[in-house]
file target.cif (mmCIF, C-alpha atoms and all ligand atoms)
data_protein
#
loop_
_atom_site.label_atom_id
_atom_site.label_comp_id
_atom_site.auth_asym_id
_atom_site.auth_seq_id
_atom_site.Cartn_x
_atom_site.Cartn_y
_atom_site.Cartn_z
CA MET A 1 102.16 83.91 114.54
CA SER A 2 101.69 87.33 116.02
CA ILE A 3 104.36 89.99 115.67
CA ASP A 4 106.35 91.29 118.63
CA ILE A 5 105.15 94.88 118.48
CA ARG A 6 106.94 95.98 121.64
CA SER A 7 110.29 95.52 119.89
CA LEU A 8 109.08 97.89 117.14
CA VAL A 9 107.30 100.47 119.30
CA ASP A 10 109.60 101.82 122.01
CA HIS A 11 107.28 104.55 123.24
CA LYS A 12 109.31 105.18 126.40
CA ASN A 13 112.35 106.30 124.43
CA GLY A 14 110.34 107.62 121.52
CA LEU A 15 111.80 105.23 118.95
CA ILE A 16 109.33 103.88 116.41
CA ASP A 17 110.29 101.32 113.79
CA ARG A 18 109.29 102.35 110.26
CA ARG A 19 108.00 98.85 109.46
CA ILE A 20 104.77 99.54 111.39
CA PHE A 21 103.88 102.02 108.62
CA TRP A 22 104.50 99.49 105.83
CA ASP A 23 104.39 95.81 106.72
CA ASP A 24 101.27 93.92 105.60
CA ALA A 25 101.44 91.32 108.40
CA ILE A 26 101.42 94.15 110.96
CA TYR A 27 98.51 95.75 109.14
CA GLN A 28 96.51 92.50 109.23
CA GLN A 29 97.19 92.32 112.97
CA GLU A 30 95.90 95.90 113.33
CA LEU A 31 92.60 95.01 111.62
CA LYS A 32 92.05 92.23 114.17
CA GLN A 33 93.60 93.69 117.33
CA VAL A 34 92.82 97.41 116.97
CA PHE A 35 89.97 97.96 114.51
CA ALA A 36 87.79 94.97 115.38
CA ARG A 37 87.99 95.90 119.10
CA CYS A 38 87.71 99.67 119.42
CA TRP A 39 84.66 101.89 119.45
CA HIS A 40 84.58 103.77 116.14
CA PHE A 41 82.88 106.99 115.17
CA VAL A 42 80.47 106.13 112.32
CA ALA A 43 78.12 109.12 112.00
CA HIS A 44 76.74 112.27 113.59
CA GLU A 45 73.10 111.87 114.63
CA SER A 46 72.22 114.79 112.34
CA GLN A 47 73.24 112.63 109.34
CA VAL A 48 70.58 110.02 110.14
CA LYS A 49 67.83 112.23 111.55
CA SER A 50 64.71 110.30 110.55
CA PHE A 51 63.38 106.91 109.48
CA GLY A 52 65.12 105.67 106.36
CA ASP A 53 68.18 107.95 106.56
CA PHE A 54 71.40 106.03 106.09
CA ILE A 55 75.09 106.53 105.40
CA THR A 56 77.79 104.00 104.60
CA THR A 57 81.29 103.93 105.99
CA TYR A 58 83.91 101.50 107.30
CA ILE A 59 85.08 100.06 110.61
CA GLY A 60 88.63 99.08 109.74
CA GLU A 61 88.09 97.58 106.28
CA ASP A 62 84.66 96.22 107.21
CA ALA A 63 82.05 98.09 105.18
CA VAL A 64 79.11 99.15 107.37
CA ILE A 65 75.70 100.78 106.98
CA VAL A 66 74.46 103.27 109.58
CA ALA A 67 70.66 103.55 109.39
CA ARG A 68 67.76 105.04 111.34
CA ALA A 69 64.93 102.51 111.75
CA LYS A 70 61.20 103.11 112.25
CA ASP A 71 61.50 102.77 116.03
CA LYS A 72 64.03 105.68 115.88
CA SER A 73 66.96 103.40 116.77
CA ILE A 74 70.27 103.91 114.98
CA ASN A 75 71.61 100.61 113.64
CA VAL A 76 75.09 99.79 112.44
CA MET A 77 75.53 96.59 110.46
CA LEU A 78 77.91 94.97 108.01
CA ASN A 79 77.31 96.07 104.45
CA ALA A 80 77.62 92.45 103.36
CA CYS A 81 74.84 90.05 102.41
CA PRO A 82 74.86 86.83 104.46
CA HIS A 83 73.63 84.82 101.43
CA ARG A 84 76.65 84.88 99.05
CA GLY A 85 78.42 87.91 100.47
CA ASN A 86 77.62 90.67 97.97
CA LYS A 87 77.71 94.28 99.09
CA VAL A 88 74.18 95.33 99.96
CA CYS A 89 74.31 99.12 99.64
CA PHE A 90 76.48 100.99 97.11
CA ALA A 91 75.43 104.59 97.89
CA GLY A 92 77.35 106.86 100.27
CA GLU A 93 74.19 108.22 101.86
CA GLY A 94 70.47 108.56 101.21
CA LYS A 95 66.96 107.65 102.31
CA ILE A 96 65.51 104.19 101.76
CA ARG A 97 62.80 101.83 103.04
CA SER A 98 64.81 98.63 102.77
CA PHE A 99 68.14 97.39 101.45
CA VAL A 100 67.77 94.86 98.62
CA CYS A 101 70.81 92.86 97.58
CA ASN A 102 71.61 93.02 93.85
CA TYR A 103 72.53 89.34 93.52
CA HIS A 104 69.45 87.27 94.49
CA GLY A 105 67.21 89.95 95.93
CA TRP A 106 67.27 89.30 99.68
CA ALA A 107 65.70 92.33 101.38
CA PHE A 108 66.80 93.75 104.73
CA GLY A 109 65.13 96.28 107.01
CA LEU A 110 66.75 99.43 108.40
CA ASP A 111 67.56 97.40 111.49
CA GLY A 112 69.32 94.76 109.38
CA ALA A 113 66.60 92.10 109.75
CA LEU A 114 66.06 89.81 106.77
CA ASN A 115 62.48 90.63 105.73
CA GLY A 116 62.05 88.58 102.59
CA MET A 117 63.49 87.15 99.41
CA PRO A 118 62.37 86.02 95.95
CA ALA A 119 60.84 82.52 95.94
CA ASN A 120 60.29 82.74 99.66
CA GLU A 121 58.57 79.33 99.66
CA LEU A 122 61.85 77.54 98.82
CA TYR A 123 63.18 78.66 102.16
CA ASP A 124 59.90 77.82 103.91
CA GLN A 125 60.49 74.25 102.68
CA THR A 126 64.13 74.29 103.86
CA GLU A 127 64.50 72.55 107.19
CA GLY A 128 66.29 74.51 109.89
CA PHE A 129 66.28 77.84 108.02
CA LYS A 130 65.07 80.75 110.14
CA LYS A 131 64.94 84.26 108.68
CA GLU A 132 65.86 85.79 112.02
CA ASP A 133 69.25 84.03 111.90
CA TRP A 134 70.24 85.59 108.57
CA GLY A 135 69.98 89.36 108.96
CA LEU A 136 72.92 91.72 108.41
CA HIS A 137 75.53 91.24 111.14
CA ARG A 138 74.99 94.01 113.69
CA ALA A 139 77.44 96.04 115.75
CA ARG A 140 76.90 97.48 119.24
CA VAL A 141 75.91 101.14 119.01
CA GLU A 142 76.20 103.98 121.54
CA THR A 143 76.15 107.74 121.19
CA TYR A 144 77.95 110.58 122.91
CA LYS A 145 76.37 114.05 122.56
CA GLY A 146 75.46 113.64 118.90
CA LEU A 147 78.36 111.40 117.85
CA VAL A 148 77.41 107.81 116.98
CA PHE A 149 79.96 105.09 117.74
CA ALA A 150 79.93 101.37 117.02
CA THR A 151 82.00 98.30 117.83
CA PHE A 152 81.84 94.67 116.73
CA ASP A 153 83.50 93.52 119.96
CA GLU A 154 80.96 92.11 122.44
CA GLU A 155 83.58 92.32 125.19
CA ALA A 156 84.42 95.99 124.69
CA PRO A 157 83.65 98.24 127.66
CA SER A 158 80.86 100.82 127.36
CA LEU A 159 81.53 103.84 125.14
CA GLY A 160 81.63 105.97 128.30
CA GLU A 161 84.45 103.86 129.74
CA TYR A 162 86.23 103.79 126.39
CA LEU A 163 86.22 107.60 126.12
CA GLY A 164 86.80 108.02 129.86
CA ASP A 165 87.65 111.54 130.99
CA PHE A 166 88.33 112.50 127.39
CA ARG A 167 84.63 113.37 127.46
CA TRP A 168 85.55 116.41 129.55
CA TYR A 169 87.53 117.77 126.58
CA LEU A 170 84.97 116.72 123.98
CA ASP A 171 82.32 118.71 125.84
CA ALA A 172 84.24 121.89 124.96
CA ILE A 173 82.96 121.32 121.41
CA LEU A 174 79.88 119.15 121.86
CA ASP A 175 78.21 120.63 124.93
CA VAL A 176 78.55 124.40 124.66
CA ASP A 177 74.77 124.94 124.82
CA ASP A 178 71.48 123.03 125.09
CA LYS A 179 70.90 122.90 121.32
CA GLY A 180 73.93 120.73 120.56
CA THR A 181 75.78 120.37 117.28
CA GLU A 182 75.24 119.09 113.76
CA PHE A 183 77.27 118.13 110.70
CA LEU A 184 76.72 120.31 107.66
CA PRO A 185 75.37 118.19 104.76
CA GLY A 186 77.76 116.17 102.64
CA THR A 187 80.85 114.07 103.18
CA THR A 188 84.19 114.88 101.59
CA ARG A 189 86.05 111.73 100.54
CA SER A 190 89.63 111.52 99.35
CA LEU A 191 92.31 108.86 99.01
CA LEU A 192 95.83 109.28 100.35
CA LYS A 193 98.74 106.97 99.65
CA CYS A 194 99.76 106.88 103.28
CA ASN A 195 99.56 104.61 106.31
CA TRP A 196 96.57 105.57 108.53
CA LYS A 197 98.82 106.14 111.57
CA TYR A 198 100.53 109.16 109.98
CA PRO A 199 97.41 111.36 110.03
CA ALA A 200 96.44 109.85 113.41
CA ASP A 201 99.72 110.77 115.10
CA ASN A 202 99.64 114.16 113.40
CA PHE A 203 96.27 115.02 114.96
CA VAL A 204 96.93 113.51 118.37
CA GLY A 205 99.80 115.86 119.09
CA ASP A 206 101.90 117.18 116.20
CA ILE A 207 101.21 120.91 116.23
CA TYR A 208 105.00 121.15 115.73
CA HIS A 209 104.55 120.63 111.97
CA ALA A 210 102.34 123.72 111.69
CA LEU A 211 105.39 125.92 112.32
CA TRP A 212 106.96 124.66 109.09
CA THR A 213 104.52 122.72 106.88
CA HIS A 214 101.76 125.30 107.13
CA LEU A 215 103.93 128.38 107.42
CA GLY A 216 103.53 129.54 103.82
CA ALA A 217 99.78 129.00 103.69
CA ALA A 218 99.32 130.65 107.09
CA GLU A 219 101.42 133.68 106.05
CA ALA A 220 99.38 134.05 102.91
CA THR A 221 95.98 133.75 104.51
CA LEU A 222 96.08 134.38 108.24
CA LYS A 223 98.57 137.22 108.46
CA GLU A 224 95.98 139.80 109.33
CA ALA A 225 94.55 137.49 111.97
CA GLY A 226 97.95 136.96 113.56
CA GLY A 227 99.15 133.84 111.71
CA ILE A 228 99.27 130.45 113.37
CA VAL A 229 100.46 131.20 116.89
CA VAL A 230 101.97 128.10 118.47
CA SER A 231 104.18 128.12 121.52
CA ASN A 232 104.75 126.17 124.70
CA GLU A 233 103.56 129.13 126.77
CA ASN A 234 100.32 128.31 128.56
CA SER A 235 99.72 125.29 126.35
CA TYR A 236 99.31 121.57 127.04
CA GLN A 237 98.78 118.09 125.71
CA ALA A 238 96.30 115.75 127.37
CA SER A 239 95.94 112.02 126.83
CA VAL A 240 93.29 109.57 128.07
CA ASN A 241 93.23 105.91 126.93
CA GLY A 242 95.24 106.83 123.82
CA HIS A 243 92.85 109.65 122.85
CA GLY A 244 94.68 112.97 122.74
CA TRP A 245 94.11 116.69 122.63
CA GLU A 246 96.62 119.51 122.39
CA PHE A 247 95.52 122.99 123.26
CA SER A 248 96.45 126.44 124.41
CA LEU A 249 94.84 128.32 127.26
CA ALA A 250 96.08 131.63 125.87
CA ASN A 251 92.68 132.33 124.37
CA ASN A 252 94.14 133.55 121.12
CA PHE A 253 90.97 134.14 119.15
CA GLY A 254 92.88 135.54 116.20
CA ASN A 255 93.41 132.16 114.59
CA ALA A 256 90.76 130.17 116.38
CA ALA A 257 88.10 130.28 113.77
CA THR A 258 88.49 129.11 110.23
CA MET A 259 90.90 131.31 108.29
CA GLY A 260 90.60 134.01 110.94
CA ASP A 261 87.11 134.85 109.68
CA LYS A 262 86.09 138.03 111.51
CA ASP A 263 82.41 137.16 111.73
CA ILE A 264 83.09 133.73 113.25
CA ILE A 265 85.49 135.27 115.75
CA LYS A 266 82.80 137.85 116.63
CA TYR A 267 80.27 135.03 117.04
CA LEU A 268 82.60 133.07 119.34
CA ARG A 269 83.53 136.16 121.35
CA ALA A 270 79.86 136.90 121.94
CA ARG A 271 79.36 133.37 123.30
CA GLU A 272 82.52 133.22 125.39
CA ALA A 273 80.94 134.34 128.68
CA GLU A 274 77.97 131.93 128.47
CA ILE A 275 80.25 129.00 127.50
CA THR A 276 82.67 129.82 130.32
CA LYS A 277 79.73 129.89 132.74
CA ARG A 278 78.53 126.51 131.48
CA LEU A 279 81.88 124.69 131.26
CA GLY A 280 84.31 126.69 133.41
CA GLU A 281 87.24 128.95 132.64
CA ALA A 282 89.63 126.41 131.08
CA ARG A 283 87.20 125.18 128.45
CA GLY A 284 86.03 128.74 127.79
CA LYS A 285 89.61 129.52 126.83
CA MET A 286 90.06 126.38 124.72
CA LEU A 287 87.37 127.75 122.46
CA GLY A 288 89.79 130.35 121.22
CA SER A 289 92.90 128.24 120.85
CA VAL A 290 94.54 126.41 118.01
CA ALA A 291 94.14 122.77 118.90
CA SER A 292 93.75 119.32 117.46
CA GLY A 293 92.57 116.04 118.84
CA LEU A 294 92.11 112.36 118.11
CA ILE A 295 89.84 109.67 119.46
CA PHE A 296 91.81 106.44 119.27
CA PRO A 297 92.45 105.01 116.78
CA ASN A 298 91.48 107.14 113.75
CA PHE A 299 88.81 109.79 114.40
CA ALA A 300 90.23 113.30 114.50
CA PHE A 301 89.11 116.89 114.80
CA LEU A 302 90.35 120.46 114.84
CA PRO A 303 88.17 122.46 117.21
CA GLY A 304 89.02 125.89 115.80
CA TYR A 305 88.22 124.80 112.28
CA LEU A 306 85.44 122.46 113.41
CA THR A 307 86.50 119.83 110.91
CA PHE A 308 85.93 116.22 111.91
CA ARG A 309 87.52 113.37 109.99
CA THR A 310 88.13 109.63 109.94
CA PHE A 311 91.28 108.02 108.54
CA LEU A 312 89.94 104.76 107.13
CA PRO A 313 92.65 102.20 106.33
CA LYS A 314 92.74 100.64 102.86
CA GLY A 315 95.76 98.43 103.22
CA PRO A 316 99.02 99.46 104.90
CA THR A 317 99.81 102.23 102.40
CA GLU A 318 96.42 103.76 101.61
CA THR A 319 93.98 105.77 103.70
CA GLU A 320 90.51 106.99 102.75
CA LEU A 321 89.79 110.29 104.42
CA HIS A 322 86.17 111.21 105.16
CA SER A 323 85.58 114.68 106.55
CA TRP A 324 82.75 116.93 107.68
CA THR A 325 82.20 120.38 109.17
CA LEU A 326 80.59 120.43 112.61
CA VAL A 327 78.70 123.54 113.70
CA PRO A 328 76.67 124.58 116.75
CA SER A 329 73.00 124.03 115.77
CA GLU A 330 72.05 127.41 117.21
CA ALA A 331 74.38 129.38 114.86
CA SER A 332 72.79 131.39 112.03
CA ASP A 333 72.84 129.99 108.48
CA GLU A 334 75.26 132.75 107.55
CA ILE A 335 77.76 131.73 110.24
CA LYS A 336 77.35 128.04 109.41
CA ASP A 337 78.09 128.78 105.78
CA LYS A 338 81.21 130.74 106.69
CA TRP A 339 82.44 127.74 108.68
CA ARG A 340 81.71 125.45 105.74
CA LEU A 341 83.60 127.69 103.34
CA GLY A 342 86.52 128.02 105.74
CA ALA A 343 86.77 124.28 106.24
CA MET A 344 86.67 123.74 102.47
CA ARG A 345 89.43 126.30 101.92
CA THR A 346 91.67 124.80 104.60
CA PHE A 347 90.90 121.16 105.46
CA SER A 348 89.33 119.60 102.37
CA PRO A 349 91.08 117.82 99.48
CA SER A 350 91.41 121.22 97.77
CA GLY A 351 92.18 123.04 101.02
CA ILE A 352 95.55 124.69 101.31
CA LEU A 353 96.44 123.17 104.69
CA GLU A 354 95.28 119.62 103.94
CA MET A 355 97.31 119.41 100.73
CA ASP A 356 100.46 120.33 102.67
CA ASP A 357 99.81 117.52 105.16
CA GLY A 358 98.87 114.84 102.65
CA GLU A 359 102.06 115.18 100.67
CA ASN A 360 104.19 114.73 103.80
CA TRP A 361 102.29 111.62 104.94
CA GLU A 362 102.51 110.03 101.49
CA HIS A 363 106.27 110.49 101.17
CA ALA A 364 106.85 109.36 104.75
CA THR A 365 104.95 106.14 103.93
CA LEU A 366 106.18 105.38 100.45
CA GLY A 367 109.86 105.79 101.30
CA ASN A 368 109.52 102.50 103.18
CA ALA A 369 109.55 100.64 99.85
CA GLY A 370 113.33 100.77 100.30
CA TYR A 371 114.57 97.85 102.42
CA VAL A 372 117.26 99.86 104.21
CA THR A 373 114.90 102.79 104.73
CA ARG A 374 112.19 100.66 106.32
CA ASN A 375 114.64 99.19 108.80
CA GLN A 376 115.37 102.59 110.36
CA LYS A 377 113.87 104.08 113.52
CA LEU A 378 111.91 107.34 113.69
CA PHE A 379 112.48 109.82 116.52
CA TYR A 380 109.43 110.58 118.66
CA GLY A 381 111.38 111.73 121.70
CA MET A 382 111.00 115.53 121.73
CA ASP A 383 110.42 116.34 125.37
CA PRO A 384 111.41 119.93 126.21
CA THR A 385 109.22 120.24 129.32
CA LYS A 386 110.17 116.93 130.95
CA GLY A 387 109.47 116.82 134.66
CA GLU A 388 107.95 120.28 134.70
CA ALA A 389 104.94 120.42 136.97
CA VAL A 390 101.68 121.15 135.23
CA PRO A 391 100.12 124.22 136.86
CA VAL A 392 96.56 123.25 135.95
CA ASP A 393 94.23 120.56 137.23
CA LEU A 394 92.85 118.95 134.08
CA PRO A 395 91.74 115.39 133.28
CA GLY A 396 94.03 112.69 131.92
CA THR A 397 97.81 112.59 131.57
CA VAL A 398 98.61 116.26 131.02
CA THR A 399 101.97 117.43 129.67
CA LYS A 400 103.17 121.01 129.63
CA GLY A 401 103.73 122.48 126.18
CA GLN A 402 102.09 121.71 122.87
CA LEU A 403 105.49 121.43 121.16
CA ASN A 404 106.22 118.05 122.63
CA ASP A 405 106.00 114.44 121.38
CA ALA A 406 104.29 113.31 124.60
CA ASN A 407 100.82 112.63 123.18
CA GLN A 408 102.25 110.78 120.19
CA ARG A 409 104.25 108.48 122.48
CA LEU A 410 101.08 107.79 124.49
CA PHE A 411 99.20 107.06 121.24
CA PHE A 412 101.81 104.45 120.30
CA LYS A 413 101.82 103.07 123.84
CA ARG A 414 98.07 102.48 123.46
CA TYR A 415 98.57 101.03 119.99
CA ALA A 416 101.08 98.53 121.39
CA GLU A 417 98.66 97.60 124.20
CA PHE A 418 95.97 96.71 121.67
CA MET A 419 98.37 94.89 119.36
CA GLU A 420 99.66 92.69 122.20
CA ALA A 421 96.40 92.04 124.06
CA ASP A 422 94.62 88.68 123.87
CA SER A 423 91.32 90.32 124.78
CA TRP A 424 89.84 93.47 126.32
CA ALA A 425 90.74 92.03 129.74
CA ASP A 426 94.41 92.87 128.94
CA ILE A 427 93.71 96.47 127.89
CA PRO A 428 93.89 99.00 130.75
CA LEU A 429 91.35 101.81 131.10
CA ALA A 430 92.15 105.03 132.96
CA GLU A 431 90.05 105.69 136.04
CA THR A 432 87.31 108.25 135.37
CA LYS A 433 87.01 111.25 137.68
CA TYR A 434 84.77 113.64 135.78
FE1 LIG B 1 72.77 88.76 98.44
FE2 LIG B 1 72.46 86.41 97.26
S1 LIG B 1 74.30 87.47 97.70
S2 LIG B 1 70.95 87.82 97.87
FE FE B 2 98.60 119.89 109.35
#
call {"tool": "encode", "arguments": {"input": "target.cif", "output": "structure tokens"}}
result
Amino acid sequence: MSIDIRSLVDHKNGLIDRRIFWDDAIYQQELKQVFARCWHFVAHESQVKSFGDFITTYIGEDAVIVARAKDKSINVMLNACPHRGNKVCFAGEGKIRSFVCNYHGWAFGLDGALNGMPANELYDQTEGFKKEDWGLHRARVETYKGLVFATFDEEAPSLGEYLGDFRWYLDAILDVDDKGTEFLPGTTRSLLKCNWKYPADNFVGDIYHALWTHLGAAEATLKEAGGIVVSNENSYQASVNGHGWEFSLANNFGNAATMGDKDIIKYLRAREAEITKRLGEARGKMLGSVASGLIFPNFAFLPGYLTFRTFLPKGPTETELHSWTLVPSEASDEIKDKWRLGAMRTFSPSGILEMDDGENWEHATLGNAGYVTRNQKLFYGMDPTKGEAVPVDLPGTVTKGQLNDANQRLFFKRYAEFMEADSWADIPLAETKY
């Protein structure tokens, strides 16, 4: 029996029931209704540049392999052998010619096709067995400006429709020049004892926490660069299909780049005019603002810090965080390395800002062990700019002021739509204009 999510998620009034961050039946429904349906970020193209390159990750709790085949195609398939179900690949990333299962030795190509197995002749003598029916189960794959996405849902709309006009915002990071972007080598992995929706709602629109949670770290490190400047002046939240971005148009370069690094700020300043010419004034200004964003349901980024991360669920109270540093390909090695160092010092497991966040999400989750605690509501109703006209013409549902729970309510509205839908036919998509 499915759970009545609408009674737990009152996004209109900003009242969210704590049980959605704890209950295992709700979590099982999320795996089916949200994770098995959405498009998910699985890799940056730069991570699987040539034949044989692969990385492993998860879509929901389904382990997947992302691999570049000989014909240059990028393939995403279940990391699960169709013979007796063993995991096929145990490495996080690498280069390989084929995946051979440890158990009985079935061998799969980089496109997931079953190429052979020990004692092949036994299968040749087996009536009705066809190798082409028993490859690794494949997902649909599409890319957007270097980012590789996959879904196991045959009915899902195209990636373009799924992202909708959120692409306009993404271009402010992914399309600033003709050379594109890349991930610096390596994946940072850490485990948090929190429900995956805490980091997701934090990145979709909770800059509010930076004023308090990150105050000490910002004072200690960013003082010279002006600290973390967050206000509702000239700042907005935008939401499209549950994806969200909060940003300032104040062009405050002081804290835009990682840790206020002077050389990165100089680099960005030097590019400002060309980027503004390419993308227009608004996105030229976003370059220099503190901002965060989320692609529904669990792929987040901080443009200033250029950290990209996925919040992979491991049960209702655990989340595996994978993160990377994205850089413009045209930047010098010196600038790229400064970005890497900055991201490590701020948003890595040892980073001063990430540690602050993780502790909050864990305690917010684990408190729900208490029966009375978990039956309380959480307040998501902050709405200081209600009804105020937005003086800018930008894509999506745009709300004035970053210090506002608007994007988080729209995230939970989307979450409820997925949780209640029988199929993609019941899930609305915003009209695209850009
Ligand atoms: Fe993989 Fe048997 S389980 S070859
Ligand atoms: Fe934070």
call {"tool": "residues_near_ligand", "arguments": {"input": "target.cif", "ligand": "ligand LIG 1 (chain B)", "cutoff": "8 Å", "atoms": "only C-alpha atoms and all ligand atoms", "output": "compact mmCIF listing (two decimals) with C-alpha atoms, in the coordinates of the input"}}
result
# COMPACT_ATOMS: atom_id res chain seq x y z
CA ALA A 80 77.62 92.45 103.36
CA CYS A 81 74.84 90.05 102.41
CA PRO A 82 74.86 86.83 104.46
CA HIS A 83 73.63 84.82 101.43
CA ARG A 84 76.65 84.88 99.05
CA GLY A 85 78.42 87.91 100.47
CA ASN A 86 77.62 90.67 97.97
CA LYS A 87 77.71 94.28 99.09
CA VAL A 88 74.18 95.33 99.96
CA VAL A 100 67.77 94.86 98.62
CA CYS A 101 70.81 92.86 97.58
CA ASN A 102 71.61 93.02 93.85
CA TYR A 103 72.53 89.34 93.52
CA HIS A 104 69.45 87.27 94.49
CA GLY A 105 67.21 89.95 95.93
CA TRP A 106 67.27 89.30 99.68
CA ALA A 107 65.70 92.33 101.38
CA MET A 117 63.49 87.15 99.41
call {"tool": "atom_distance", "arguments": {"input": "target.cif", "atom1": "CA of Lys193 in chain A", "atom2": "CA of Gly315 in chain A"}}
result
9.7 Å
call {"tool": "closest_residue", "arguments": {"input": "target.cif", "among": "A:Leu279, A:Met344, A:Ala200, A:Ala69", "to": "ligand FE 2 (chain B)", "atoms": "only C-alpha atoms and all ligand atoms"}}
result
A:Ala200
call {"tool": "closest_residue", "arguments": {"input": "target.cif", "among": "A:Leu341, A:Leu15, A:Leu211, A:Val64", "to": "ligand FE 2 (chain B)", "atoms": "only C-alpha atoms and all ligand atoms"}}
result
A:Leu211
call {"tool": "residues_around", "arguments": {"input": "target.cif", "residues": "Gly244 in chain A", "least_positions_apart": "5", "cutoff": "12 Å", "atoms": "all atoms listed in the file", "output": "ChimeraX atom specification"}}
result
/A:163-170,200-206,236-239,291-302,395-399,402,405-412,414
call {"tool": "residues_near_ligand", "arguments": {"input": "target.cif", "ligand": "ligand FE 2 (chain B)", "cutoff": "10 Å", "atoms": "all atoms listed in the file", "output": "number ranges by chain"}}
result
A: 199, 202-203, 206-214, 292, 302, 346-347, 352-358, 360
call {"tool": "closest_residue", "arguments": {"input": "target.cif", "among": "A:His322, A:Arg269, A:Arg345, A:Lys413", "to": "Thr188 in chain A", "atoms": "all atoms listed in the file"}}
result
A:His322
call {"tool": "axis_aligned_box", "arguments": {"input": "target.cif", "around": "range 179-184 of chain A", "padding_each_side": "4 Å", "output": "lines of an AutoDock Vina configuration file"}}
result
center_x = 74.1
center_y = 120.5
center_z = 114.5
size_x = 14.4
size_y = 12.8
size_z = 21.7
call {"tool": "closest_residue", "arguments": {"input": "target.cif", "among": "A:Cys38, A:Glu320, A:Phe183, A:Ser190", "to": "Ser158 in chain A", "atoms": "all atoms listed in the file"}}
result
A:Cys38
call {"tool": "closest_atom_pairs", "arguments": {"input": "target.cif", "of": "range 94-188 of chain A", "to": "range 43-46 of chain A", "cutoff": "10 Å", "atoms": "all atoms listed in the file", "output": "Markdown table"}}
result
| residue | atom | partner | partner_atom | distance |
| --- | --- | --- | --- | --- |
| A:Thr143 | CA | A:Glu45 | CA | 8.3 |
| A:Tyr144 | CA | A:His44 | CA | 9.5 |
| A:Lys145 | CA | A:Glu45 | CA | 8.9 |
| A:Gly146 | CA | A:Glu45 | CA | 5.2 |
| A:Leu147 | CA | A:His44 | CA | 4.6 |
| A:Val148 | CA | A:Ala43 | CA | 5.2 |
| A:Phe149 | CA | A:Ala43 | CA | 7.3 |
| A:Ala150 | CA | A:Ala43 | CA | 9.4 |
| A:Thr181 | CA | A:Ser46 | CA | 8.3 |
| A:Glu182 | CA | A:Ser46 | CA | 5.4 |
| A:Phe183 | CA | A:Ser46 | CA | 6.3 |
| A:Leu184 | CA | A:Ser46 | CA | 8.5 |
| A:Pro185 | CA | A:Ser46 | CA | 8.9 |
call {"tool": "closest_residue", "arguments": {"input": "target.cif", "among": "A:Lys131, A:Glu121, A:Lys400, A:Gly304", "to": "Glu388 in chain A", "atoms": "all atoms listed in the file"}}
result
A:Lys400
call {"tool": "closest_residue", "arguments": {"input": "target.cif", "among": "A:Tyr434, A:Phe308, A:Tyr380, A:Tyr162", "to": "Leu321 in chain A", "atoms": "only C-alpha atoms"}}
result
A:Phe308
call {"tool": "atom_distance", "arguments": {"input": "target.cif", "atom1": "CA of Ser98 in chain A", "atom2": "CA of Gly128 in chain A"}}
result
25.2 Å
call {"tool": "atom_distance", "arguments": {"input": "target.cif", "atom1": "CA of Val42 in chain A", "atom2": "CA of Thr56 in chain A"}}
result
8.4 Å
call {"tool": "residues_around", "arguments": {"input": "target.cif", "residues": "Glu30 in chain A", "least_positions_apart": "5", "cutoff": "9 Å", "atoms": "only C-alpha atoms", "output": "ChimeraX atom specification"}}
result
/A:25,35-36,60,415,418-419
call {"tool": "decode", "arguments": {"input": "target.cif", "residues": "range 363-371 of chain A", "atoms": "N, CA and C atoms", "output": "CSV table (one decimal), in the first residue's frame"}}
result
chain,number,residue,atom,x,y,z
A,363,HIS,N,22.4,15.2,12.9
A,363,HIS,CA,21.6,15.4,14.2
A,363,HIS,C,20.1,15.6,13.8
A,364,ALA,N,19.8,16.3,12.7
A,364,ALA,CA,18.5,16.5,12.3
A,364,ALA,C,17.8,15.2,12.0
A,365,THR,N,18.6,14.3,11.4
A,365,THR,CA,18.0,13.0,11.0
A,365,THR,C,17.9,12.1,12.2
A,366,LEU,N,18.9,12.0,13.0
A,366,LEU,CA,19.0,10.9,14.0
A,366,LEU,C,18.1,11.2,15.2
A,367,GLY,N,17.7,12.5,15.4
A,367,GLY,CA,16.7,12.8,16.4
A,367,GLY,C,15.4,12.1,16.2
A,368,ASN,N,15.1,11.7,15.0
A,368,ASN,CA,13.8,11.1,14.7
A,368,ASN,C,13.7,9.7,15.2
A,369,ALA,N,14.8,9.2,15.8
A,369,ALA,CA,14.7,7.9,16.5
A,369,ALA,C,13.6,8.0,17.6
A,370,GLY,N,13.4,9.2,18.2
A,370,GLY,CA,12.4,9.4,19.2
A,370,GLY,C,11.0,9.4,18.6
A,371,TYR,N,10.1,8.7,19.2
A,371,TYR,CA,8.7,8.5,18.6
A,371,TYR,C,8.0,9.9,18.6
